[in-house]
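Below is target_2.txt, holding compact mmCIF, C-alpha atoms and all ligand atoms.
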# COMPACT_ATOMS: atom_id res chain seq x y z
CA MET A 1 25.26 -12.22 0.45
CA THR A 2 22.24 -11.20 -1.60
CA ALA A 3 20.59 -7.83 -1.08
CA LEU A 4 16.89 -8.41 -0.57
CA LEU A 5 16.07 -4.72 -0.37
CA GLU A 6 17.97 -1.77 -1.72
CA VAL A 7 17.15 1.82 -0.81
CA LYS A 8 18.79 4.29 -3.20
CA ASN A 9 19.08 8.05 -2.66
CA LEU A 10 15.68 8.02 -0.98
CA SER A 11 14.16 11.39 -0.04
CA ARG A 12 10.75 12.48 1.13
CA SER A 13 9.60 16.00 1.96
CA PHE A 14 6.43 17.20 3.64
CA GLY A 15 6.04 20.77 2.41
CA GLY A 16 9.30 22.49 3.38
CA LEU A 17 10.37 19.73 5.78
CA VAL A 18 12.77 17.11 4.44
CA ALA A 19 11.84 14.05 6.57
CA VAL A 20 14.14 11.62 4.71
CA LYS A 21 17.21 12.97 2.94
CA ASP A 22 19.15 11.03 0.30
CA VAL A 23 19.24 7.79 2.30
CA ASN A 24 21.00 4.65 1.01
CA PHE A 25 21.12 1.21 2.58
CA THR A 26 20.70 -2.44 1.65
CA LEU A 27 19.21 -5.32 3.62
CA GLU A 28 20.88 -8.69 3.31
CA ALA A 29 18.60 -11.73 3.31
CA GLY A 30 18.23 -13.45 6.69
CA ARG A 31 19.77 -10.61 8.70
CA ILE A 32 18.32 -8.30 11.32
CA THR A 33 18.98 -4.61 10.72
CA ALA A 34 18.06 -1.86 13.17
CA LEU A 35 17.05 1.63 12.08
CA ILE A 36 17.82 4.01 14.92
CA GLY A 37 17.96 7.73 15.58
CA PRO A 38 16.38 10.45 17.72
CA ASN A 39 12.67 11.32 17.62
CA GLY A 40 11.75 12.82 14.26
CA ALA A 41 14.87 11.40 12.55
CA GLY A 42 12.78 9.91 9.73
CA LYS A 43 12.60 6.22 10.76
CA THR A 44 8.84 5.76 10.39
CA THR A 45 8.85 7.75 7.15
CA CYS A 46 11.50 5.33 5.84
CA PHE A 47 9.25 2.40 6.82
CA ASN A 48 6.31 4.02 5.06
CA LEU A 49 8.39 4.56 1.92
CA VAL A 50 9.50 0.91 1.86
CA ALA A 51 6.01 -0.43 2.64
CA GLY A 52 4.35 1.69 -0.05
CA SER A 53 2.28 3.84 2.34
CA LEU A 54 4.22 6.88 1.07
CA SER A 55 5.82 7.71 -2.26
CA PRO A 56 9.32 9.18 -2.30
CA THR A 57 9.96 12.72 -3.44
CA SER A 58 13.04 11.27 -5.13
CA GLY A 59 15.09 8.07 -5.05
CA GLN A 60 14.14 4.42 -5.42
CA VAL A 61 13.42 1.27 -3.44
CA PHE A 62 14.24 -2.13 -5.00
CA PHE A 63 12.93 -5.41 -3.57
CA GLU A 64 14.42 -8.57 -5.07
CA GLY A 65 15.71 -6.37 -7.86
CA ARG A 66 12.28 -4.91 -8.73
CA GLN A 67 11.55 -1.23 -8.23
CA ILE A 68 8.72 -0.97 -5.69
CA ASP A 69 8.62 2.69 -4.62
CA SER A 70 5.18 4.19 -5.29
CA THR A 71 3.70 0.65 -5.41
CA PRO A 72 0.47 0.44 -3.34
CA PRO A 73 0.94 -1.14 0.11
CA GLU A 74 -1.32 -4.13 -0.60
CA ILE A 75 0.79 -5.04 -3.65
CA VAL A 76 4.02 -4.52 -1.69
CA CYS A 77 2.57 -6.83 0.98
CA ARG A 78 1.76 -9.49 -1.61
CA MET A 79 5.30 -9.19 -2.97
CA GLY A 80 6.64 -10.17 0.47
CA ILE A 81 7.03 -7.13 2.72
CA ALA A 82 4.99 -7.00 5.93
CA ARG A 83 4.99 -4.37 8.62
CA THR A 84 3.77 -3.78 12.13
CA PHE A 85 2.75 -0.44 13.58
CA GLN A 86 3.99 1.41 16.66
CA ILE A 87 0.50 1.38 18.20
CA VAL A 88 -0.99 -2.11 18.34
CA ARG A 89 -4.74 -2.34 17.79
CA PRO A 90 -5.98 -5.93 17.64
CA MET A 91 -9.58 -6.40 16.54
CA ARG A 92 -11.34 -6.78 19.87
CA ASP A 93 -14.38 -8.81 18.89
CA MET A 94 -12.22 -11.46 17.23
CA SER A 95 -10.11 -14.20 18.81
CA VAL A 96 -6.31 -14.24 18.72
CA LEU A 97 -6.45 -16.86 15.95
CA GLU A 98 -8.93 -14.85 13.89
CA ASN A 99 -6.72 -11.77 14.23
CA ALA A 100 -3.72 -13.75 13.00
CA MET A 101 -5.78 -15.10 10.07
CA VAL A 102 -6.35 -11.58 8.72
CA GLY A 103 -2.82 -11.43 7.31
CA ALA A 104 -3.28 -14.71 5.44
CA PHE A 105 -6.23 -13.36 3.49
CA SER A 106 -3.72 -11.22 1.58
CA TRP A 107 -2.77 -14.41 -0.37
CA THR A 108 -5.60 -16.92 0.07
CA LYS A 109 -9.39 -16.96 0.12
CA SER A 110 -9.44 -20.35 1.84
CA VAL A 111 -10.41 -20.17 5.52
CA MET A 112 -8.67 -23.52 6.12
CA GLU A 113 -5.41 -22.29 4.62
CA ALA A 114 -5.65 -19.01 6.52
CA LYS A 115 -6.28 -20.88 9.78
CA SER A 116 -3.37 -23.21 9.24
CA LYS A 117 -0.99 -20.35 8.43
CA ALA A 118 -2.30 -18.33 11.40
CA TYR A 119 -1.57 -21.24 13.79
CA GLU A 120 1.93 -21.51 12.37
CA SER A 121 2.46 -17.75 12.85
CA LEU A 122 1.13 -17.86 16.41
CA GLU A 123 3.40 -20.80 17.15
CA SER A 124 6.47 -18.96 15.93
CA VAL A 125 5.78 -16.04 18.29
CA GLY A 126 4.80 -18.30 21.23
CA LEU A 127 1.10 -17.49 21.18
CA ALA A 128 -0.40 -20.77 19.90
CA GLY A 129 -1.62 -21.66 23.40
CA LYS A 130 -3.75 -18.50 23.43
CA ALA A 131 -5.25 -18.96 19.95
CA ASN A 132 -8.81 -18.99 21.28
CA ALA A 133 -8.37 -16.18 23.80
CA ARG A 134 -10.02 -12.83 23.29
CA THR A 135 -7.58 -10.08 22.44
CA ASP A 136 -8.59 -7.96 25.43
CA GLN A 137 -7.26 -10.79 27.64
CA LEU A 138 -3.76 -10.36 26.20
CA THR A 139 -0.89 -8.62 27.96
CA LEU A 140 1.04 -5.88 26.11
CA PRO A 141 3.88 -8.26 25.06
CA ASP A 142 1.29 -10.72 23.75
CA ARG A 143 -0.53 -7.97 21.84
CA LYS A 144 2.79 -6.98 20.26
CA MET A 145 3.47 -10.60 19.32
CA LEU A 146 -0.03 -10.93 17.88
CA GLU A 147 0.71 -7.93 15.65
CA THR A 148 3.89 -9.72 14.55
CA ALA A 149 1.96 -12.97 13.96
CA LYS A 150 -0.55 -11.08 11.81
CA ALA A 151 2.33 -9.77 9.72
CA LEU A 152 3.91 -13.25 9.52
CA SER A 153 0.62 -14.67 8.20
CA THR A 154 1.12 -12.62 5.04
CA ARG A 155 4.17 -14.89 4.33
CA PRO A 156 6.73 -12.09 4.21
CA LYS A 157 10.35 -12.30 3.13
CA LEU A 158 10.98 -8.95 4.82
CA LEU A 159 9.39 -7.95 8.11
CA LEU A 160 9.35 -4.29 9.18
CA LEU A 161 8.88 -3.93 12.94
CA ASP A 162 8.13 -0.48 14.33
CA GLU A 163 9.14 -0.33 18.01
CA VAL A 164 7.92 -3.83 18.75
CA MET A 165 9.68 -3.79 22.14
CA ALA A 166 8.55 -0.35 23.32
CA GLY A 167 6.95 -0.47 26.76
CA LEU A 168 8.15 -4.01 27.52
CA ARG A 169 10.09 -5.00 30.63
CA PRO A 170 13.65 -6.31 30.04
CA THR A 171 12.59 -9.95 30.54
CA GLU A 172 9.65 -9.52 28.14
CA ALA A 173 11.90 -7.84 25.57
CA ALA A 174 14.39 -10.71 25.93
CA GLY A 175 11.60 -13.11 24.90
CA VAL A 176 10.85 -11.01 21.81
CA VAL A 177 14.56 -10.91 20.94
CA ARG A 178 14.63 -14.73 20.99
CA VAL A 179 11.56 -14.88 18.72
CA LEU A 180 13.17 -12.48 16.23
CA GLN A 181 16.47 -14.38 16.27
CA THR A 182 14.66 -17.64 15.54
CA LEU A 183 12.72 -16.03 12.68
CA ALA A 184 15.94 -14.68 11.17
CA GLU A 185 17.63 -18.08 11.55
CA GLY A 186 14.72 -19.45 9.52
CA GLY A 187 15.63 -17.04 6.70
CA LEU A 188 13.36 -14.06 7.41
CA THR A 189 14.92 -10.62 6.87
CA ILE A 190 13.99 -8.08 9.54
CA LEU A 191 14.26 -4.29 9.66
CA LEU A 192 13.33 -2.86 13.03
CA VAL A 193 13.02 0.56 14.57
CA GLU A 194 14.20 0.37 18.16
CA HIS A 195 15.15 2.98 20.74
CA VAL A 196 16.71 0.76 23.42
CA MET A 197 20.38 0.40 22.48
CA ARG A 198 20.88 -2.66 24.69
CA ILE A 199 18.30 -4.48 22.57
CA VAL A 200 19.74 -3.17 19.30
CA MET A 201 23.18 -4.42 20.30
CA GLU A 202 21.80 -7.84 21.14
CA VAL A 203 19.55 -8.42 18.17
CA ALA A 204 20.90 -6.55 15.15
CA SER A 205 23.85 -7.50 12.99
CA ASN A 206 23.67 -4.20 11.11
CA VAL A 207 22.57 -0.74 12.26
CA VAL A 208 21.56 2.28 10.17
CA VAL A 209 21.54 5.59 12.04
CA LEU A 210 19.37 8.49 10.88
CA HIS A 211 19.54 12.08 12.10
CA HIS A 212 17.43 14.91 10.68
CA GLY A 213 16.40 12.54 7.86
CA ALA A 214 19.95 11.73 6.71
CA LYS A 215 21.98 8.57 7.31
CA ILE A 216 24.88 9.55 9.55
CA ALA A 217 26.34 6.10 10.22
CA GLU A 218 25.99 2.44 9.37
CA GLY A 219 27.77 -0.67 10.59
CA SER A 220 27.79 -3.31 13.29
CA PRO A 221 26.30 -2.28 16.66
CA ALA A 222 29.83 -2.01 18.09
CA GLU A 223 30.87 0.28 15.22
CA VAL A 224 27.92 2.66 15.48
CA VAL A 225 28.10 3.07 19.26
CA ALA A 226 31.75 4.06 18.87
CA ASP A 227 30.94 6.61 16.15
CA GLN A 228 31.39 10.17 17.35
CA LYS A 229 28.54 11.52 15.17
CA VAL A 230 26.15 8.96 16.68
CA LEU A 231 27.30 9.79 20.22
CA ASP A 232 26.92 13.52 19.58
CA SER A 233 23.51 13.41 17.90
CA TYR A 234 21.77 10.50 19.57
CA LEU A 235 23.35 8.41 22.28
CA GLY A 236 25.02 11.16 24.29
CA ALA A 237 28.54 11.48 25.61
CA GLY A 238 27.75 9.32 28.67
CA PHE A 239 26.80 6.28 26.62
CA HIS A 240 28.71 3.10 27.39
CA ALA A 241 28.22 -0.04 25.35
N1 LIG B 301 2.57 13.08 7.19
C1 LIG B 301 3.43 13.99 7.62
N2 LIG B 301 3.22 15.31 7.39
C2 LIG B 301 4.10 16.24 7.81
N3 LIG B 301 5.24 15.96 8.48
C3 LIG B 301 5.49 14.68 8.74
C4 LIG B 301 4.61 13.62 8.34
N4 LIG B 301 5.14 12.43 8.74
C5 LIG B 301 6.29 12.72 9.38
N5 LIG B 301 6.49 14.07 9.38
C6 LIG B 301 7.66 14.76 9.96
O1 LIG B 301 8.81 14.15 9.40
C7 LIG B 301 9.84 14.05 10.38
C8 LIG B 301 10.25 12.60 10.53
O2 LIG B 301 9.20 11.90 11.17
P1 LIG B 301 9.23 10.34 11.46
O3 LIG B 301 7.93 9.98 12.10
O4 LIG B 301 9.62 9.63 10.24
O5 LIG B 301 10.41 10.25 12.51
P2 LIG B 301 10.81 9.05 13.49
O6 LIG B 301 12.28 8.93 13.41
O7 LIG B 301 10.00 7.85 13.16
O8 LIG B 301 10.38 9.62 14.90
P3 LIG B 301 9.89 8.86 16.24
O9 LIG B 301 11.09 8.16 16.81
O10 LIG B 301 9.44 9.98 17.11
O11 LIG B 301 8.78 7.92 15.86
C9 LIG B 301 9.29 14.67 11.66
O12 LIG B 301 9.72 16.00 11.71
C10 LIG B 301 7.79 14.58 11.47
O13 LIG B 301 7.12 15.60 12.16
Would you kindly transcribe this structure into structure tokens?
Ligand SMILES: Nc1ncnc2c1ncn2[C@@H]1O[C@H](COP(=O)(O)OP(=O)(O)OP(=O)(O)O)[C@@H](O)[C@H]1O
Amino acid sequence: MTALLEVKNLSRSFGGLVAVKDVNFTLEAGRITALIGPNGAGKTTCFNLVAGSLSPTSGQVFFEGRQIDSTPPEIVCRMGIARTFQIVRPMRDMSVLENAMVGAFSWTKSVMEAKSKAYESLESVGLAGKANARTDQLTLPDRKMLETAKALSTRPKLLLLDEVMAGLRPTEAAGVVRVLQTLAEGGLTILLVEHVMRIVMEVASNVVVLHHGAKIAEGSPAEVVADQKVLDSYLGAGFHA
């Protein structure tokens, strides 16, 4: 398998606090990887380092073999990495379609092209039927999927999803899992931060576990939930897969 993204000895400090500590992992093309760990473990900081919103204190990030750490986020986006944010804030005075078009303007100036790509993105997350709705008419799962569609409109090879299933009911989350599986089957590589282990186990083929900024385990979902360090620091002794 080819590594699409390679994170090498990545560290980031904020003053005296080491938020990410010498972290290494690779993302294989077309796979879904979950980044998990307790609150404050460094997951979002890792996302920000990969997406170019933060520069590392030390270490490197390679995307398709090119070093991208310290590259501005808009360039990283044009290279093929898109991200969503934990808090979804669609633009309220624009339709669902117009919101999804925003991502496409990262690579085209043509309104027609942007519209066509936005429809395709909305279709792949199951929102095409609501293209003309106002965003304040959307439910939380739909708002989350719109955020994902916006990211897909940038034509990413790698999609970074920050807690895209937080706050969803199990049936709603199951729908999102299906969407992500279909996207990965189509060749998209996905890195997601997720707290619900049941979802991680269902959706991810690889799991990276952070604790106090450092990687403490990596492997298949079954491997990490059986790892004593992961049980001690995150899942708790009572956890049963
Ligand atoms: N801009 C910043 N300035 C100072 N400290 C920061 C900054 N961003 C993150 N931190 C700190 O770095 C550590 C890691 O934070 P981060 O948000 O990456 O963790 P996380 O694993 O995403 O947590 P959560 O699950 O709660 O979202 C925390 O202690 C946090 O307070």
What are the nearest atom pairs, with distances in Å to one decimal, for all residues of stretch 119-156 of chain A that come at most 12 Å from stretch 189-207 of chain A, using only C-alpha atoms, set out by chain and rising residue number as CSV?
residue,atom,partner,partner_atom,distance
A:Thr148,CA,A:Ile190,CA,11.4
A:Ala151,CA,A:Ile190,CA,11.8
A:Leu152,CA,A:Ile190,CA,11.3
A:Arg155,CA,A:Thr189,CA,11.8
A:Pro156,CA,A:Thr189,CA,8.7
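Taking all atoms listed in the file into account, ligand LIG 301 (chain B) lies nearest to A:Ala214 out of the set A:Leu158, A:Leu4, A:Leu127, A:Ala214.
What separates atom CA of A:Lys115 from atom CA of A:Thr135 is a distance of 16.7 Å.
The contact shell of ligand LIG 301 (chain B), defined as all polymer residues within 6 Å when only C-alpha atoms and all ligand atoms are used, comprises Phe14, Ala19, Pro38, Asn39, Gly40, Ala41, Gly42, Lys43, Thr44 and Thr45 of chain A.
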Inset, instruction - Grab the atom CA of A:Arg66 to atom CA of A:Lys117 distance for me, in Å with one decimal place. - result: 26.6 Å
Legend entry - Sel. within 12 Å of pt (8.1, 3.8, 5.1), counting all atoms listed in the file, output as a ChimeraX atom specification: /A:7,10-12,19-20,35,42-56,61,68-73,76,81-85,160-162,191-193
Legend entry - d(atom CA of A:Ser121, atom CA of A:Ser106) in Å: 14.4 Å
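Taking all atoms listed in the file into account, those protein, DNA and RNA residues with any atom at most 8 Å away from (7.9, -8.1, 26.2) amount to Leu140, Pro141, Asp142, Lys144, Met165, Gly167, Leu168, Arg169, Pro170, Thr171, Glu172, Ala173, Ala174, Gly175 and Val176 of chain A.
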Legend entry - Minimum-distance residue to A:Gly59, chosen among A:Glu147, A:Asp22, A:Glu74, A:Glu218 (using all atoms listed in the file): A:Asp22
Legend entry - Among the residues A:Asp136, A:Asp227, A:Glu123, A:Glu163, the one that comes closest to A:Met94 [using all atoms listed in the file]: A:Asp136
Inset, instruction - Quick one: everything within 12 Å of stretch 109-111 of chain A, counting all atoms listed in the file, minus sequence neighbours fewer than 6 positions away in the same chain. Send it as an MDAnalysis selection string. - result: chainID A and resid 97:98 100:103 117:118
Legend entry - Nearest-residue call for A:Asp232, choices A:Leu188, A:Ala217, A:Leu122, A:Met79, using all atoms listed in the file: A:Ala217
Legend entry - Residue with smallest distance to A:Ala131 - pool A:Arg143, A:Cys77, A:His212, A:Val96, counting all atoms listed in the file: A:Val96
Axis-aligned box for all listed atoms of stretch 111-119 of chain A, 4 Å per side, centre and edges in Å to one decimal, as lines of an AutoDock Vina configuration file:
center_x = -5.7
center_y = -20.9
center_z = 9.2
size_x = 17.4
size_y = 13.2
size_z = 17.2
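Considering the residues A:Ile32, A:Leu146, A:Val23, A:Leu231 and counting only C-alpha atoms, A:Gly187 has its shortest atom-to-atom contact with A:Ile32.
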Long-range neighbours of A:Glu64 as a compact mmCIF listing (two decimals) with C-alpha atoms, in the coordinates of the input, 9 Å cut-off, all atoms listed in the file, 6 positions minimum in chain:
# COMPACT_ATOMS: atom_id res chain seq x y z
CA THR A 2 22.24 -11.20 -1.60
CA ALA A 3 20.59 -7.83 -1.08
CA LEU A 4 16.89 -8.41 -0.57
CA LEU A 5 16.07 -4.72 -0.37
CA GLU A 6 17.97 -1.77 -1.72
Could you rebuild stretch 197-212 of chain A with N, CA and C atoms and give it back as a PDB file, in the frame of the given file?
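Listing of out.pdb after writing:
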ATOM      1  N   MET A 197      19.104   0.816  23.089  1.00  0.00           N
ATOM      2  CA  MET A 197      20.380   0.400  22.480  1.00  0.00           C
ATOM      3  C   MET A 197      20.818  -0.989  22.933  1.00  0.00           C
ATOM      4  N   ARG A 198      20.500  -1.335  24.188  1.00  0.00           N
ATOM      5  CA  ARG A 198      20.880  -2.660  24.690  1.00  0.00           C
ATOM      6  C   ARG A 198      20.247  -3.752  23.814  1.00  0.00           C
ATOM      7  N   ILE A 199      18.994  -3.506  23.413  1.00  0.00           N
ATOM      8  CA  ILE A 199      18.300  -4.480  22.570  1.00  0.00           C
ATOM      9  C   ILE A 199      18.892  -4.478  21.163  1.00  0.00           C
ATOM     10  N   VAL A 200      19.152  -3.285  20.643  1.00  0.00           N
ATOM     11  CA  VAL A 200      19.740  -3.170  19.300  1.00  0.00           C
ATOM     12  C   VAL A 200      21.050  -3.955  19.246  1.00  0.00           C
ATOM     13  N   MET A 201      21.861  -3.782  20.289  1.00  0.00           N
ATOM     14  CA  MET A 201      23.180  -4.420  20.300  1.00  0.00           C
ATOM     15  C   MET A 201      23.046  -5.938  20.342  1.00  0.00           C
ATOM     16  N   GLU A 202      21.985  -6.403  20.996  1.00  0.00           N
ATOM     17  CA  GLU A 202      21.800  -7.840  21.140  1.00  0.00           C
ATOM     18  C   GLU A 202      21.240  -8.476  19.875  1.00  0.00           C
ATOM     19  N   VAL A 203      20.330  -7.763  19.218  1.00  0.00           N
ATOM     20  CA  VAL A 203      19.550  -8.420  18.170  1.00  0.00           C
ATOM     21  C   VAL A 203      20.029  -8.140  16.753  1.00  0.00           C
ATOM     22  N   ALA A 204      20.626  -6.953  16.534  1.00  0.00           N
ATOM     23  CA  ALA A 204      20.900  -6.550  15.150  1.00  0.00           C
ATOM     24  C   ALA A 204      22.325  -6.890  14.738  1.00  0.00           C
ATOM     25  N   SER A 205      22.484  -7.302  13.485  1.00  0.00           N
ATOM     26  CA  SER A 205      23.850  -7.500  12.990  1.00  0.00           C
ATOM     27  C   SER A 205      24.298  -6.255  12.231  1.00  0.00           C
ATOM     28  N   ASN A 206      23.340  -5.433  11.826  1.00  0.00           N
ATOM     29  CA  ASN A 206      23.670  -4.200  11.110  1.00  0.00           C
ATOM     30  C   ASN A 206      22.784  -3.079  11.639  1.00  0.00           C
ATOM     31  N   VAL A 207      23.337  -1.877  11.732  1.00  0.00           N
ATOM     32  CA  VAL A 207      22.570  -0.740  12.260  1.00  0.00           C
ATOM     33  C   VAL A 207      22.714   0.444  11.317  1.00  0.00           C
ATOM     34  N   VAL A 208      21.569   1.063  10.991  1.00  0.00           N
ATOM     35  CA  VAL A 208      21.560   2.280  10.170  1.00  0.00           C
ATOM     36  C   VAL A 208      21.098   3.414  11.081  1.00  0.00           C
ATOM     37  N   VAL A 209      21.875   4.484  11.138  1.00  0.00           N
ATOM     38  CA  VAL A 209      21.540   5.590  12.040  1.00  0.00           C
ATOM     39  C   VAL A 209      21.091   6.807  11.233  1.00  0.00           C
ATOM     40  N   LEU A 210      19.889   7.300  11.546  1.00  0.00           N
ATOM     41  CA  LEU A 210      19.370   8.490  10.880  1.00  0.00           C
ATOM     42  C   LEU A 210      19.389   9.667  11.856  1.00  0.00           C
ATOM     43  N   HIS A 211      19.612  10.851  11.300  1.00  0.00           N
ATOM     44  CA  HIS A 211      19.540  12.080  12.100  1.00  0.00           C
ATOM     45  C   HIS A 211      19.076  13.179  11.158  1.00  0.00           C
ATOM     46  N   HIS A 212      18.021  13.888  11.555  1.00  0.00           N
ATOM     47  CA  HIS A 212      17.430  14.910  10.680  1.00  0.00           C
ATOM     48  C   HIS A 212      17.198  14.362   9.266  1.00  0.00           C
TER      49      HIS A 212
END
